[in-house]
$ cat entry09.pdb   # PDB, C-alpha atoms
ATOM      1  CA  MET Y   1      16.178  76.276 -39.257
ATOM      2  CA  ARG Y   2      19.618  75.780 -37.745
ATOM      3  CA  ASP Y   3      19.972  76.192 -33.999
ATOM      4  CA  PRO Y   4      21.815  79.513 -33.394
ATOM      5  CA  GLU Y   5      23.801  78.108 -30.466
ATOM      6  CA  ARG Y   6      24.856  75.109 -32.547
ATOM      7  CA  THR Y   7      25.909  77.458 -35.360
ATOM      8  CA  ARG Y   8      27.998  79.517 -32.938
ATOM      9  CA  GLU Y   9      29.682  76.383 -31.587
ATOM     10  CA  LEU Y  10      30.483  75.166 -35.113
ATOM     11  CA  LEU Y  11      32.056  78.548 -35.905
ATOM     12  CA  LEU Y  12      34.140  78.510 -32.730
ATOM     13  CA  GLN Y  13      35.415  74.975 -33.309
ATOM     14  CA  ALA Y  14      36.231  75.711 -36.959
ATOM     15  CA  ALA Y  15      37.974  78.958 -35.987
ATOM     16  CA  PHE Y  16      39.986  77.182 -33.293
ATOM     17  CA  GLN Y  17      41.233  74.578 -35.782
ATOM     18  CA  GLU Y  18      42.080  77.201 -38.406
ATOM     19  CA  ILE Y  19      43.923  79.405 -35.885
ATOM     20  CA  TYR Y  20      45.740  76.378 -34.457
ATOM     21  CA  ARG Y  21      46.837  75.351 -37.950
ATOM     22  CA  SER Y  22      47.665  78.756 -39.456
ATOM     23  CA  GLY Y  23      47.949  81.274 -36.616
ATOM     24  CA  TYR Y  24      45.460  84.054 -35.943
ATOM     25  CA  ARG Y  25      46.774  86.573 -38.467
ATOM     26  CA  SER Y  26      46.860  84.021 -41.294
ATOM     27  CA  ALA Y  27      43.550  82.396 -40.348
ATOM     28  CA  ASP Y  28      41.205  82.556 -43.338
ATOM     29  CA  LEU Y  29      37.571  83.439 -42.654
ATOM     30  CA  ASP Y  30      36.400  81.676 -45.819
ATOM     31  CA  ALA Y  31      38.117  78.491 -44.661
ATOM     32  CA  ILE Y  32      36.413  78.831 -41.276
ATOM     33  CA  LEU Y  33      33.003  79.312 -42.919
ATOM     34  CA  ALA Y  34      33.553  76.308 -45.178
ATOM     35  CA  ALA Y  35      34.615  74.080 -42.282
ATOM     36  CA  ALA Y  36      31.644  75.194 -40.179
ATOM     37  CA  GLY Y  37      29.250  74.913 -43.124
ATOM     38  CA  VAL Y  38      27.689  78.303 -42.462
ATOM     39  CA  THR Y  39      27.300  81.613 -44.297
ATOM     40  CA  LYS Y  40      29.139  84.865 -43.767
ATOM     41  CA  GLY Y  41      25.874  86.314 -42.501
ATOM     42  CA  ALA Y  42      25.774  83.675 -39.770
ATOM     43  CA  LEU Y  43      29.330  84.569 -38.776
ATOM     44  CA  TYR Y  44      28.525  88.263 -38.410
ATOM     45  CA  TYR Y  45      25.295  87.479 -36.593
ATOM     46  CA  HIS Y  46      27.358  85.950 -33.790
ATOM     47  CA  PHE Y  47      30.642  87.900 -33.979
ATOM     48  CA  ASP Y  48      31.237  91.534 -34.919
ATOM     49  CA  ASN Y  49      34.537  90.783 -36.638
ATOM     50  CA  LYS Y  50      37.484  88.394 -36.832
ATOM     51  CA  GLU Y  51      38.946  89.843 -33.634
ATOM     52  CA  ALA Y  52      35.774  89.077 -31.665
ATOM     53  CA  LEU Y  53      35.831  85.538 -33.036
ATOM     54  CA  GLY Y  54      39.482  85.129 -32.015
ATOM     55  CA  TYR Y  55      38.787  86.426 -28.514
ATOM     56  CA  ALA Y  56      35.915  83.955 -28.148
ATOM     57  CA  VAL Y  57      38.195  81.107 -29.235
ATOM     58  CA  VAL Y  58      40.543  81.943 -26.333
ATOM     59  CA  ASP Y  59      37.787  82.507 -23.773
ATOM     60  CA  GLU Y  60      35.616  79.544 -24.672
ATOM     61  CA  ILE Y  61      37.636  76.877 -26.498
ATOM     62  CA  ILE Y  62      41.257  77.196 -25.375
ATOM     63  CA  ALA Y  63      40.315  78.032 -21.771
ATOM     64  CA  SER Y  64      37.787  75.182 -21.656
ATOM     65  CA  ASN Y  65      40.241  72.642 -23.087
ATOM     66  CA  LEU Y  66      42.910  73.612 -20.563
ATOM     67  CA  ARG Y  67      40.369  73.511 -17.742
ATOM     68  CA  GLN Y  68      39.331  70.012 -18.691
ATOM     69  CA  LYS Y  69      42.874  68.710 -19.067
ATOM     70  CA  TRP Y  70      44.721  70.420 -16.205
ATOM     71  CA  VAL Y  71      42.406  72.214 -13.790
ATOM     72  CA  ARG Y  72      39.551  69.818 -13.083
ATOM     73  CA  PRO Y  73      41.744  66.752 -12.436
ATOM     74  CA  LEU Y  74      43.584  68.757  -9.769
ATOM     75  CA  TRP Y  75      40.448  69.809  -7.884
ATOM     76  CA  ASN Y  76      40.482  68.081  -4.491
ATOM     77  CA  ALA Y  77      43.187  65.699  -5.706
ATOM     78  CA  LYS Y  78      44.333  63.513  -2.801
ATOM     79  CA  LYS Y  79      47.649  62.847  -4.577
ATOM     80  CA  PRO Y  80      48.339  65.954  -6.691
ATOM     81  CA  LEU Y  81      51.826  64.853  -7.774
ATOM     82  CA  ASP Y  82      50.438  61.615  -9.186
ATOM     83  CA  VAL Y  83      47.774  63.605 -11.040
ATOM     84  CA  LEU Y  84      50.351  66.017 -12.482
ATOM     85  CA  ILE Y  85      52.531  63.151 -13.702
ATOM     86  CA  ARG Y  86      49.493  61.455 -15.234
ATOM     87  CA  ILE Y  87      48.583  64.654 -17.115
ATOM     88  CA  ILE Y  88      52.135  65.083 -18.427
ATOM     89  CA  GLN Y  89      52.335  61.439 -19.468
ATOM     90  CA  SER Y  90      49.004  61.729 -21.308
ATOM     91  CA  GLU Y  91      50.370  64.369 -23.708
ATOM     92  CA  SER Y  92      50.176  63.244 -27.311
ATOM     93  CA  LEU Y  93      53.377  62.120 -29.020
ATOM     94  CA  LYS Y  94      51.718  61.961 -32.445
ATOM     95  CA  ARG Y  95      53.946  63.741 -34.908
ATOM     96  CA  GLU Y  96      51.180  66.062 -36.158
ATOM     97  CA  ASP Y  97      50.336  67.132 -32.580
ATOM     98  CA  VAL Y  98      54.007  67.743 -31.744
ATOM     99  CA  GLN Y  99      54.399  69.812 -34.930
ATOM    100  CA  ARG Y 100      51.418  72.009 -34.049
ATOM    101  CA  GLY Y 101      52.475  72.633 -30.452
ATOM    102  CA  CYS Y 102      50.317  74.149 -27.699
ATOM    103  CA  PRO Y 103      47.416  76.320 -28.915
ATOM    104  CA  LEU Y 104      47.606  78.615 -25.877
ATOM    105  CA  LEU Y 105      51.351  79.069 -26.236
ATOM    106  CA  ASN Y 106      51.139  79.577 -30.006
ATOM    107  CA  LEU Y 107      48.530  82.320 -29.726
ATOM    108  CA  SER Y 108      50.242  83.957 -26.774
ATOM    109  CA  GLN Y 109      53.557  84.120 -28.638
ATOM    110  CA  GLU Y 110      51.953  85.389 -31.829
ATOM    111  CA  MET Y 111      49.605  88.018 -30.422
ATOM    112  CA  SER Y 112      50.640  89.147 -26.912
ATOM    113  CA  GLY Y 113      52.989  91.814 -28.261
ATOM    114  CA  LEU Y 114      50.489  92.979 -30.873
ATOM    115  CA  ASP Y 115      47.066  93.001 -29.264
ATOM    116  CA  GLU Y 116      46.260  93.770 -25.627
ATOM    117  CA  GLY Y 117      42.951  91.898 -25.846
ATOM    118  CA  PHE Y 118      44.700  88.663 -26.778
ATOM    119  CA  ARG Y 119      47.446  89.275 -24.204
ATOM    120  CA  ARG Y 120      44.933  89.747 -21.379
ATOM    121  CA  ARG Y 121      42.927  86.708 -22.383
ATOM    122  CA  THR Y 122      45.854  84.321 -22.733
ATOM    123  CA  ALA Y 123      47.293  85.670 -19.462
ATOM    124  CA  ARG Y 124      43.988  84.868 -17.760
ATOM    125  CA  VAL Y 125      44.149  81.263 -19.004
ATOM    126  CA  TYR Y 126      47.772  80.923 -17.872
ATOM    127  CA  LYS Y 127      46.801  82.290 -14.444
ATOM    128  CA  GLU Y 128      43.994  79.753 -14.068
ATOM    129  CA  TRP Y 129      46.435  76.984 -14.989
ATOM    130  CA  HIS Y 130      49.074  78.276 -12.553
ATOM    131  CA  ASP Y 131      46.624  78.751  -9.705
ATOM    132  CA  ALA Y 132      45.215  75.234 -10.100
ATOM    133  CA  ILE Y 133      48.685  73.698  -9.814
ATOM    134  CA  ALA Y 134      49.745  75.965  -6.936
ATOM    135  CA  GLU Y 135      46.566  75.299  -4.957
ATOM    136  CA  ALA Y 136      46.898  71.542  -5.489
ATOM    137  CA  LEU Y 137      50.499  71.681  -4.264
ATOM    138  CA  ARG Y 138      49.473  73.682  -1.174
ATOM    139  CA  GLU Y 139      46.762  71.138  -0.392
ATOM    140  CA  GLY Y 140      49.354  68.391  -0.898
ATOM    141  CA  GLN Y 141      51.618  70.109   1.607
ATOM    142  CA  LYS Y 142      48.782  70.090   4.165
ATOM    143  CA  ARG Y 143      48.353  66.350   3.582
ATOM    144  CA  LYS Y 144      52.129  65.878   3.805
ATOM    145  CA  VAL Y 145      52.340  64.337   0.316
ATOM    146  CA  VAL Y 146      54.240  67.366  -1.070
ATOM    147  CA  ARG Y 147      57.481  68.717   0.397
ATOM    148  CA  SER Y 148      56.842  71.473   2.908
ATOM    149  CA  ASP Y 149      59.983  73.411   1.953
ATOM    150  CA  ILE Y 150      58.875  74.342  -1.581
ATOM    151  CA  ASN Y 151      57.090  77.533  -2.583
ATOM    152  CA  ALA Y 152      53.919  76.328  -4.291
ATOM    153  CA  ASN Y 153      53.580  79.409  -6.517
ATOM    154  CA  GLU Y 154      57.167  79.194  -7.730
ATOM    155  CA  ALA Y 155      56.922  75.430  -8.228
ATOM    156  CA  ALA Y 156      53.771  75.863 -10.322
ATOM    157  CA  THR Y 157      55.440  78.515 -12.481
ATOM    158  CA  PHE Y 158      58.502  76.314 -12.989
ATOM    159  CA  LEU Y 159      56.424  73.285 -13.983
ATOM    160  CA  MET Y 160      54.454  75.291 -16.536
ATOM    161  CA  ALA Y 161      57.590  76.926 -17.953
ATOM    162  CA  ALA Y 162      59.501  73.644 -18.141
ATOM    163  CA  TRP Y 163      56.668  71.800 -19.844
ATOM    164  CA  GLU Y 164      55.853  74.584 -22.313
ATOM    165  CA  GLY Y 165      59.575  74.862 -23.075
ATOM    166  CA  TYR Y 166      59.714  71.217 -24.110
ATOM    167  CA  VAL Y 167      56.576  71.700 -26.215
ATOM    168  CA  VAL Y 168      58.261  74.611 -28.036
ATOM    169  CA  LEU Y 169      61.411  72.574 -28.627
ATOM    170  CA  GLY Y 170      59.312  69.665 -29.870
ATOM    171  CA  LYS Y 171      57.451  71.921 -32.280
ATOM    172  CA  ASN Y 172      60.671  73.462 -33.569
ATOM    173  CA  SER Y 173      62.482  70.139 -33.996
ATOM    174  CA  GLN Y 174      59.278  68.404 -35.147
ATOM    175  CA  ASP Y 175      60.557  65.440 -33.158
ATOM    176  CA  PRO Y 176      58.199  63.553 -30.813
ATOM    177  CA  GLN Y 177      61.262  62.276 -28.936
ATOM    178  CA  MET Y 178      61.866  65.823 -27.684
ATOM    179  CA  VAL Y 179      58.428  65.837 -26.061
ATOM    180  CA  ALA Y 180      58.990  62.313 -24.728
ATOM    181  CA  SER Y 181      62.217  63.570 -23.151
ATOM    182  CA  GLY Y 182      60.206  66.410 -21.614
ATOM    183  CA  GLN Y 183      57.723  63.933 -20.186
ATOM    184  CA  ARG Y 184      60.527  62.038 -18.456
ATOM    185  CA  SER Y 185      62.350  65.124 -17.189
ATOM    186  CA  VAL Y 186      59.299  67.017 -15.942
ATOM    187  CA  SER Y 187      57.846  63.865 -14.364
ATOM    188  CA  GLY Y 188      61.196  63.329 -12.638
ATOM    189  CA  HIS Y 189      61.085  66.855 -11.271
ATOM    190  CA  ILE Y 190      57.543  66.323 -10.000
ATOM    191  CA  GLU Y 191      58.769  63.154  -8.229
ATOM    192  CA  SER Y 192      61.389  65.288  -6.475
ATOM    193  CA  LEU Y 193      58.585  67.312  -4.866
ATOM    194  CA  ARG Y 194      57.569  64.333  -2.735
ATOM    195  CA  PRO Y 195      58.707  64.241   0.902
ATOM    196  CA  ALA Y 196      61.845  62.097   1.291
ATOM    197  CA  ARG Y 197      59.870  59.162   2.710
ATOM    198  CA  GLY Y 198      57.425  59.288  -0.219
ATOM    199  CA  ARG Y 199      60.272  59.304  -2.748
ATOM    200  CA  ALA Y 200      61.867  56.319  -1.083
ATOM    201  CA  GLY Y 201      58.549  54.491  -1.317
ATOM    202  CA  VAL Y 202      58.279  55.265  -5.022
ATOM    203  CA  ALA Y 203      61.852  54.139  -5.640
ATOM    204  CA  GLY Y 204      61.179  50.940  -3.757
ATOM    205  CA  ARG Y 205      58.198  50.104  -5.947
ATOM    206  CA  ARG Y 206      60.168  50.393  -9.192
TER     207      ARG Y 206
END

$ encode --input "entry09.pdb" --output "structure tokens"
Amino acid sequence: MRDPERTRELLLQAAFQEIYRSGYRSADLDAILAAAGVTKGALYYHFDNKEALGYAVVDEIIASNLRQKWVRPLWNAKKPLDVLIRIIQSESLKREDVQRGCPLLNLSQEMSGLDEGFRRRTARVYKEWHDAIAEALREGQKRKVVRSDINANEAATFLMAAWEGYVVLGKNSQDPQMVASGQRSVSGHIESLRPARGRAGVAGRR
């Protein structure tokens, strides 16, 4: 007999891929079942309806992926600006990834104006992302590796908005060079958050 937890995980991963590819409203439950290799009965054993499945995708898959990519690397980071640049530079420039965009952003844009449950959930993920960056910047200010004159909350919001903006433009243009341009520009902005002495040291090493 199949492990119920394994079945649930297969459903969530299949649903995430289908929603990422087609959007939530166009996501096809039969396609999700086929990809997961489970029955409709198994789906409804774990989730009351498509909405519950979609909510779980945000809470468990999208939130977890963002946590792994952005939040955990920033925990107790001695050099938060270096970590942020490394994360930005690690973004995929594969054409298919650029064309699909950011799963959090896609779902937020599609559903925030239509469904309060999705809006609250995506907002919670964005807040965790923002708070991780802001806290890392504040810790960097204490260690004097981040400029003391910046507002960490505002800087975190700007970084998120700038990066997600480039991701949107990359998706719309379907051009990896747009995202590559974003990597350079956002990384350059992050460099500008170093204290003047730190920036001079970076420039000297180039």

$ residues_around --input "entry09.pdb" --residues "range 41-57 of chain Y" --least-positions-apart "5" --cutoff "12 Å" --atoms "all atoms listed in the file" --output "count of residues only"
49

$ resolve_selection --input "entry09.pdb" --expression "the PyMOL selection byres ((chain Y and resi 89) around 9)" --output "list in words"
Leu84, Ile85, Arg86, Ile87, Ile88, Ser90, Glu91, Ser92, Ala180, Gln183, Arg184 and Ser187 of chain Y

$ closest_residue --input "entry09.pdb" --among "Y:Ser192, Y:Ser181, Y:Asn76, Y:Gln109" --to "Val146 in chain Y" --atoms "all atoms listed in the file"
Y:Ser192

$ resolve_selection --input "entry09.pdb" --expression "the PyMOL selection byres ((chain Y and resi 132) around 12)" --output "MDAnalysis selection string"
chainID Y and resid 66:77 80 83:84 125:131 133:139 152:153 155:157 160

$ write_last_selection --input "entry09.pdb" --atoms "C-alpha atoms" --output "compact mmCIF listing (two decimals), in the frame of the given file"
# COMPACT_ATOMS: atom_id res chain seq x y z
CA LEU Y 66 42.91 73.61 -20.56
CA ARG Y 67 40.37 73.51 -17.74
CA GLN Y 68 39.33 70.01 -18.69
CA LYS Y 69 42.87 68.71 -19.07
CA TRP Y 70 44.72 70.42 -16.20
CA VAL Y 71 42.41 72.21 -13.79
CA ARG Y 72 39.55 69.82 -13.08
CA PRO Y 73 41.74 66.75 -12.44
CA LEU Y 74 43.58 68.76 -9.77
CA TRP Y 75 40.45 69.81 -7.88
CA ASN Y 76 40.48 68.08 -4.49
CA ALA Y 77 43.19 65.70 -5.71
CA PRO Y 80 48.34 65.95 -6.69
CA VAL Y 83 47.77 63.60 -11.04
CA LEU Y 84 50.35 66.02 -12.48
CA VAL Y 125 44.15 81.26 -19.00
CA TYR Y 126 47.77 80.92 -17.87
CA LYS Y 127 46.80 82.29 -14.44
CA GLU Y 128 43.99 79.75 -14.07
CA TRP Y 129 46.44 76.98 -14.99
CA HIS Y 130 49.07 78.28 -12.55
CA ASP Y 131 46.62 78.75 -9.70
CA ILE Y 133 48.68 73.70 -9.81
CA ALA Y 134 49.74 75.96 -6.94
CA GLU Y 135 46.57 75.30 -4.96
CA ALA Y 136 46.90 71.54 -5.49
CA LEU Y 137 50.50 71.68 -4.26
CA ARG Y 138 49.47 73.68 -1.17
CA GLU Y 139 46.76 71.14 -0.39
CA ALA Y 152 53.92 76.33 -4.29
CA ASN Y 153 53.58 79.41 -6.52
CA ALA Y 155 56.92 75.43 -8.23
CA ALA Y 156 53.77 75.86 -10.32
CA THR Y 157 55.44 78.52 -12.48
CA MET Y 160 54.45 75.29 -16.54

$ atom_distance --input "entry09.pdb" --atom1 "CA of Val98 in chain Y" --atom2 "CA of Asp59 in chain Y"
23.3 Å

$ closest_residue --input "entry09.pdb" --among "Y:Lys142, Y:Lys171, Y:His189, Y:Arg197" --to "Gly101 in chain Y" --atoms "only C-alpha atoms"
Y:Lys171

$ closest_residue --input "entry09.pdb" --among "Y:Gln174, Y:Val186, Y:Lys144, Y:Arg194" --to "Leu159 in chain Y" --atoms "only C-alpha atoms"
Y:Val186

$ axis_aligned_box --input "entry09.pdb" --around "range 14-33 of chain Y" --padding-each-side "8 Å" --output "JSON"
{"center_x": 40.5, "center_y": 80.6, "center_z": -39.6, "size_x": 30.9, "size_y": 28.0, "size_z": 28.5}

$ closest_residue --input "entry09.pdb" --among "Y:Val38, Y:Ile150, Y:Leu93, Y:Ala31" --to "Leu193 in chain Y" --atoms "all atoms listed in the file"
Y:Ile150

$ atom_distance --input "entry09.pdb" --atom1 "CA of Arg124 in chain Y" --atom2 "CA of Glu154 in chain Y"
17.5 Å

$ atom_distance --input "entry09.pdb" --atom1 "CA of Leu114 in chain Y" --atom2 "CA of Lys40 in chain Y"
26.2 Å
